[in-house]
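Following: one structure in structure tokens, then a few remarks.
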Amino acid sequence: MLTKNKITAISNGSNVCADIVGFDFNDYDAQDVAEVRKIWFQYGVVRFRDIDITDEQHIKFSHHFGEAVIHPKQLQEGAHPTQKEILVIANTTKDGKPSGALGNSEATWHTDTWFYERPPAGALLRAIALPPTGGDTYWVSMYQAYETLPTYLRNAVKGRQIFFQSVYDAAGGLRLNKQEPKSDDIREWPGIVHPLVRVHGDSGRQALYLGAQGVREQDSWIVGLPMDESNDLVAQLWQHTLKGEVFVQKWRLGDMVMWDNRCTMHRRDSFSPEHIRIMHRTTTAGERPV
Ligand code: OGA
Ligand code: MN
């Protein structure tokens with residue numbers, strides 16, 4: 001008798017990302033979604049390869065992981081012409097204006113919209129057009145970052161909260177509806193306070209939460225610490241985190257990567273402006289970090 005494929009995680013050599021095989025986007029049920037969820041929680045990042053799905057299938061699949069979130073760039077250059085739940089990440093232009101977010105530039109290490117009160121839980125990124133080289137994406141596990149902290153750093157982060165400014169984006173540009181701050185002290189700027197170590201709402205595991213590595217000298221403050229001590233601790237936490245295992249995604253057409261923003265960070269390489277890279281992304285709602 002013919003039976004359905006079994007959904008399994010296959011190691012691609014990484015502890016941060018697994019490949020999921022056996023999932024059929026044309027025919028799946030709640031049990032299949034539960035399998036994917038389990039693997040996703042275990043790794044933080046999962047990859048589907050050689051899939052051929054429509055934007056509608058992409059959107060429908062992401063609904064199983066939470067309510068759709070509209071990323072601010074979806075109201076700007078990252079808008080999809082017909083699907084409001086899709087963020088277009090691309091270096092294309094239309095009528096002389098960008099028709100995708102991020103252009104061809106590098107994106108430094110970050111977790112998505114960390115400066116929100118409720119940052120998203122998940123993101124599902126699918127390759128539509130790829131450059132021959134460049135534009136690789138990298139992930140690191142923030143569970144691993146937390147769990148491997150040396151004792152003195154583990155003590156230093158205990159019970160701490162971190163303030164993230166929300167005026168400038170990681171590329172140094174002013175965010176939507178924000179003005180140049182008058183003060184030099186970021187503590188007086190608009191921003192958000194989150195726990196420096198957060199407990200994942202589904203796995204219950206603890207993860208370090210660092211927001212983003214901006215291009216500016218300072219974007220965060222560990223609440224209550226003198227600024228120089230805060231800067232030193234933040235720098236040490238970044239250094240420690242980036243010593244951890246990094247998963248490198250060299251995109252192929254047919255790839256979709258789904259990551260958990262609550263326990264991973266990612267970055268992206270730049271690529272030549274002579275080539276086109278188009279990605280479609282959906283985003284799912286997350287809890288307020290605790
Ligand atoms: C994102 C992002 C990475 C990429 O979608 O949040 O950072 O590879 N993009 O384009
Ligand atoms: Mn991102």
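Following the order of the structure tokens, first chain is A, next is B, and so on, with residues numbered from 1 inside each chain and ligands from 1 in the order they appear.
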Please, which residues in chain A fall within 9 Å of ligand 1 when counting only C-alpha atoms and all ligand atoms, and what is the closest atom pair and distance in Å to one decimal for each, ordered by chain then residue number, as a Markdown table?
| residue | atom | partner | partner_atom_place_in_ligand_line | distance |
| --- | --- | --- | --- | --- |
| A:Leu87 | CA | ligand 1 | 5 (O) | 8.2 |
| A:Val88 | CA | ligand 1 | 5 (O) | 8.7 |
| A:Ile89 | CA | ligand 1 | 10 (O) | 6.0 |
| A:Ala90 | CA | ligand 1 | 10 (O) | 7.7 |
| A:Ala101 | CA | ligand 1 | 10 (O) | 8.7 |
| A:Leu102 | CA | ligand 1 | 10 (O) | 7.4 |
| A:Asn104 | CA | ligand 1 | 10 (O) | 8.9 |
| A:Glu106 | CA | ligand 1 | 10 (O) | 8.9 |
| A:Ala107 | CA | ligand 1 | 7 (O) | 6.2 |
| A:Thr108 | CA | ligand 1 | 7 (O) | 8.3 |
| A:Trp109 | CA | ligand 1 | 7 (O) | 8.4 |
| A:His110 | CA | ligand 1 | 7 (O) | 7.4 |
| A:Thr111 | CA | ligand 1 | 6 (O) | 7.5 |
| A:Asp112 | CA | ligand 1 | 6 (O) | 5.7 |
| A:Thr113 | CA | ligand 1 | 6 (O) | 8.6 |
| A:Ala123 | CA | ligand 1 | 5 (O) | 7.2 |
| A:Leu124 | CA | ligand 1 | 5 (O) | 8.0 |
| A:Leu125 | CA | ligand 1 | 5 (O) | 6.3 |
| A:Ala127 | CA | ligand 1 | 8 (O) | 8.8 |
| A:Gly135 | CA | ligand 1 | 8 (O) | 6.3 |
| A:Asp136 | CA | ligand 1 | 8 (O) | 6.3 |
| A:Thr137 | CA | ligand 1 | 8 (O) | 4.7 |
| A:Tyr138 | CA | ligand 1 | 8 (O) | 8.0 |
| A:Gln249 | CA | ligand 1 | 8 (O) | 8.5 |
| A:Trp251 | CA | ligand 1 | 8 (O) | 8.6 |
| A:His266 | CA | ligand 1 | 7 (O) | 6.4 |
| A:Arg267 | CA | ligand 1 | 7 (O) | 5.9 |
| A:Arg268 | CA | ligand 1 | 8 (O) | 5.1 |
| A:Asp269 | CA | ligand 1 | 8 (O) | 7.7 |
| A:Arg277 | CA | ligand 1 | 10 (O) | 8.5 |
| A:Ile278 | CA | ligand 1 | 10 (O) | 8.3 |
| A:Met279 | CA | ligand 1 | 10 (O) | 6.7 |
| A:His280 | CA | ligand 1 | 5 (O) | 8.3 |
| A:Arg281 | CA | ligand 1 | 5 (O) | 6.4 |
| A:Thr282 | CA | ligand 1 | 5 (O) | 8.8 |
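For Ser272 in chain A, the set of protein, DNA and RNA residues having any atom at most 12 Å away, when counting only C-alpha atoms and skipping those fewer than 6 positions along the same chain, is Asn91, Gly103, Asn104, Ser105, Glu106, Leu130, Pro131, Pro132, Thr133, Gly134 and Gly135 of chain A.
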Please save N, CA, C and O atoms of the selected residues as an mmCIF file, in the first residue's frame.
data_model
loop_
_atom_site.group_PDB
_atom_site.id
_atom_site.type_symbol
_atom_site.label_atom_id
_atom_site.label_comp_id
_atom_site.auth_asym_id
_atom_site.auth_seq_id
_atom_site.Cartn_x
_atom_site.Cartn_y
_atom_site.Cartn_z
ATOM 1 N N ASN A 91 16.393 43.815 -4.193
ATOM 2 C CA ASN A 91 17.118 45.009 -4.636
ATOM 3 C C ASN A 91 16.565 45.518 -5.968
ATOM 4 O O ASN A 91 17.246 46.217 -6.686
ATOM 5 N N GLY A 103 17.634 46.302 -0.117
ATOM 6 C CA GLY A 103 18.520 46.515 -1.265
ATOM 7 C C GLY A 103 19.518 45.383 -1.430
ATOM 8 O O GLY A 103 19.164 44.211 -1.250
ATOM 9 N N ASN A 104 20.752 45.735 -1.758
ATOM 10 C CA ASN A 104 21.775 44.687 -1.921
ATOM 11 C C ASN A 104 22.776 44.741 -0.771
ATOM 12 O O ASN A 104 23.827 44.126 -0.825
ATOM 13 N N SER A 105 22.427 45.511 0.270
ATOM 14 C CA SER A 105 23.420 45.738 1.321
ATOM 15 C C SER A 105 23.497 44.603 2.331
ATOM 16 O O SER A 105 22.616 43.745 2.398
ATOM 17 N N GLU A 106 24.546 44.664 3.120
ATOM 18 C CA GLU A 106 24.699 43.717 4.216
ATOM 19 C C GLU A 106 23.652 44.044 5.280
ATOM 20 O O GLU A 106 23.304 45.201 5.471
ATOM 21 N N LEU A 130 17.801 34.629 -7.247
ATOM 22 C CA LEU A 130 19.051 34.662 -6.489
ATOM 23 C C LEU A 130 20.227 35.125 -7.343
ATOM 24 O O LEU A 130 20.292 34.813 -8.540
ATOM 25 N N PRO A 131 21.168 35.840 -6.710
ATOM 26 C CA PRO A 131 22.395 36.194 -7.424
ATOM 27 C C PRO A 131 23.294 34.958 -7.509
ATOM 28 O O PRO A 131 23.135 34.037 -6.706
ATOM 29 N N PRO A 132 24.219 34.931 -8.449
ATOM 30 C CA PRO A 132 25.099 33.754 -8.549
ATOM 31 C C PRO A 132 25.990 33.576 -7.312
ATOM 32 O O PRO A 132 26.299 32.452 -6.929
ATOM 33 N N THR A 133 26.390 34.694 -6.710
ATOM 34 C CA THR A 133 27.158 34.617 -5.453
ATOM 35 C C THR A 133 26.709 35.749 -4.546
ATOM 36 O O THR A 133 26.137 36.730 -4.999
ATOM 37 N N GLY A 134 27.016 35.600 -3.244
ATOM 38 C CA GLY A 134 26.678 36.643 -2.262
ATOM 39 C C GLY A 134 25.253 36.486 -1.780
ATOM 40 O O GLY A 134 24.504 35.627 -2.251
ATOM 41 N N GLY A 135 24.887 37.313 -0.803
ATOM 42 C CA GLY A 135 23.530 37.260 -0.256
ATOM 43 C C GLY A 135 23.287 36.024 0.605
ATOM 44 O O GLY A 135 22.140 35.637 0.817
#
Val45 in chain A environment, 6 Å, only C-alpha atoms, sequence neighbours closer than 6 positions dropped, as a ChimeraX atom specification: /A:17,258-259
Same residues, all heavy atoms, saved as a PDB file, in the first residue's frame:
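Saved as out23.pdb:
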ATOM      1  N   CYS A  17      20.332  24.634  12.592  1.00  0.00           N
ATOM      2  CA  CYS A  17      19.326  24.481  11.536  1.00  0.00           C
ATOM      3  C   CYS A  17      19.276  23.045  11.046  1.00  0.00           C
ATOM      4  O   CYS A  17      20.315  22.434  10.816  1.00  0.00           O
ATOM      5  CB  CYS A  17      19.645  25.394  10.357  1.00  0.00           C
ATOM      6  SG  CYS A  17      18.563  25.168   8.937  1.00  0.00           S
ATOM      7  N   MET A 258      12.768  28.884   7.833  1.00  0.00           N
ATOM      8  CA  MET A 258      11.848  29.389   8.855  1.00  0.00           C
ATOM      9  C   MET A 258      12.642  29.484  10.151  1.00  0.00           C
ATOM     10  O   MET A 258      13.249  28.493  10.573  1.00  0.00           O
ATOM     11  CB  MET A 258      10.730  28.351   8.973  1.00  0.00           C
ATOM     12  CG  MET A 258       9.763  28.583  10.067  1.00  0.00           C
ATOM     13  SD  MET A 258       8.445  27.352   9.810  1.00  0.00           S
ATOM     14  CE  MET A 258       7.726  27.410  11.429  1.00  0.00           C
ATOM     15  N   TRP A 259      12.705  30.683  10.726  1.00  0.00           N
ATOM     16  CA  TRP A 259      13.490  30.827  11.952  1.00  0.00           C
ATOM     17  C   TRP A 259      12.640  31.376  13.081  1.00  0.00           C
ATOM     18  O   TRP A 259      11.607  31.987  12.850  1.00  0.00           O
ATOM     19  CB  TRP A 259      14.733  31.676  11.725  1.00  0.00           C
ATOM     20  CG  TRP A 259      14.538  33.134  11.439  1.00  0.00           C
ATOM     21  CD1 TRP A 259      14.464  34.148  12.352  1.00  0.00           C
ATOM     22  CD2 TRP A 259      14.441  33.767  10.152  1.00  0.00           C
ATOM     23  NE1 TRP A 259      14.328  35.362  11.720  1.00  0.00           N
ATOM     24  CE2 TRP A 259      14.312  35.160  10.372  1.00  0.00           C
ATOM     25  CE3 TRP A 259      14.462  33.288   8.837  1.00  0.00           C
ATOM     26  CZ2 TRP A 259      14.191  36.076   9.328  1.00  0.00           C
ATOM     27  CZ3 TRP A 259      14.329  34.211   7.806  1.00  0.00           C
ATOM     28  CH2 TRP A 259      14.199  35.573   8.053  1.00  0.00           C
TER      29      TRP A 259
END
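When DSSP reads the backbone of this structure, the residues of range 50-200 of chain A it assigns to helix (DSSP H, G or I) are A:Asp55, A:Glu56, A:Gln57, A:His58, A:Ile59, A:Lys60, A:Phe61, A:Ser62, A:His63, A:Pro72, A:Lys73, A:Gln74, A:Leu75, A:Met142, A:Tyr143, A:Gln144, A:Ala145, A:Tyr146, A:Glu147, A:Thr151, A:Tyr152, A:Leu153, A:Arg154, A:Asn155, A:Ala156, A:Val157, A:Ile186, A:Arg187, A:Glu188.
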Exercise. Which residues in range 38-269 of chain A does DSSP call strand (DSSP E)? List them as a ChimeraX atom specification.
Worked result: /A:45-48,87-90,93-94,97-98,101-102,107-110,122-129,137-141,161-165,191-195,197-199,206-208,220-222,246-249,256-260,264-268
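Counting only C-alpha atoms and all ligand atoms, the residue from A:Asp169, A:Asp255, A:Glu274, A:Glu245 that sits nearest to ligand 2 is A:Asp169.
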Item to complete: Using only C-alpha atoms, determine which residues lie at most 9 Å from Pro119 in chain A, disregarding the query and same-chain residues fewer than 6 positions distant; provide the list as a ChimeraX atom specification.
Response: /A:111-113,261-262,285-289
Shortest contact to Glu56 in chain A, candidates A:Glu229, A:Asp185, A:Asp29, A:Glu85, atoms counted only C-alpha atoms, goes to A:Glu85
Taking only C-alpha atoms into account, produce a table as a tab-separated table in which each residue of range 205-265 of chain A with an atom at most 12 Å from an atom of range 157-161 of chain A appears once, together with its shortest atom pair and the distance in Å to one decimal, ordered by chain and rising number.
residue	atom	partner	partner_atom	distance
A:Gln206	CA	A:Lys158	CA	11.4
A:Ala207	CA	A:Val157	CA	11.3
A:Leu208	CA	A:Val157	CA	8.8
A:Tyr209	CA	A:Gln161	CA	9.6
A:Leu210	CA	A:Gln161	CA	10.4
A:Gly211	CA	A:Gln161	CA	12.0
A:Ser220	CA	A:Gln161	CA	10.4
A:Trp221	CA	A:Gln161	CA	8.6
A:Ile222	CA	A:Gln161	CA	5.9
A:Val223	CA	A:Gln161	CA	5.6
A:Gly224	CA	A:Arg160	CA	8.5
A:Leu225	CA	A:Arg160	CA	9.5
A:Ser230	CA	A:Val157	CA	10.5
A:Leu233	CA	A:Val157	CA	8.6
A:Val234	CA	A:Val157	CA	9.7
A:Gln236	CA	A:Val157	CA	11.1
A:Leu237	CA	A:Val157	CA	9.2
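Remark: for Glu77 in chain A, the closest of the candidate residues A:Arg175, A:Arg216, A:Lys38, A:Lys94 is A:Lys94 (distances computed over only C-alpha atoms).
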CA of Trp114 in chain A to CA of Ser270 in chain A measures 21.7 Å
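Checking A:Val21, A:Val215, A:Arg47, A:Thr3 one by one against Trp139 in chain A, counting only C-alpha atoms, you find the shortest gap at A:Arg47.
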What separates CA of Phe163 in chain A and CA of Val197 in chain A is a distance of 12.6 Å
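Within 8 Å of Met142 in chain A, once only C-alpha atoms are used and residues closer than 2 positions along the same chain are dropped, the contacting residues are A:Val140, A:Gln144, A:Ala145, A:Tyr146, A:Ala207, A:Leu208, A:Tyr209, A:Thr241, A:Cys263, A:Thr264, A:Met265.
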Write the residues of the selection above to a file with C-alpha atoms, as a compact mmCIF listing (two decimals), in the first residue's frame.
# COMPACT_ATOMS: atom_id res chain seq x y z
CA VAL A 140 23.31 31.80 15.50
CA GLN A 144 23.47 28.31 22.93
CA ALA A 145 24.79 31.82 23.62
CA TYR A 146 23.05 31.85 26.99
CA ALA A 207 17.85 32.67 25.52
CA LEU A 208 20.05 35.74 25.50
CA TYR A 209 18.33 38.70 23.84
CA THR A 241 27.62 35.07 21.14
CA CYS A 263 16.02 32.31 20.26
CA THR A 264 18.15 33.07 17.19
CA MET A 265 19.81 36.00 15.47
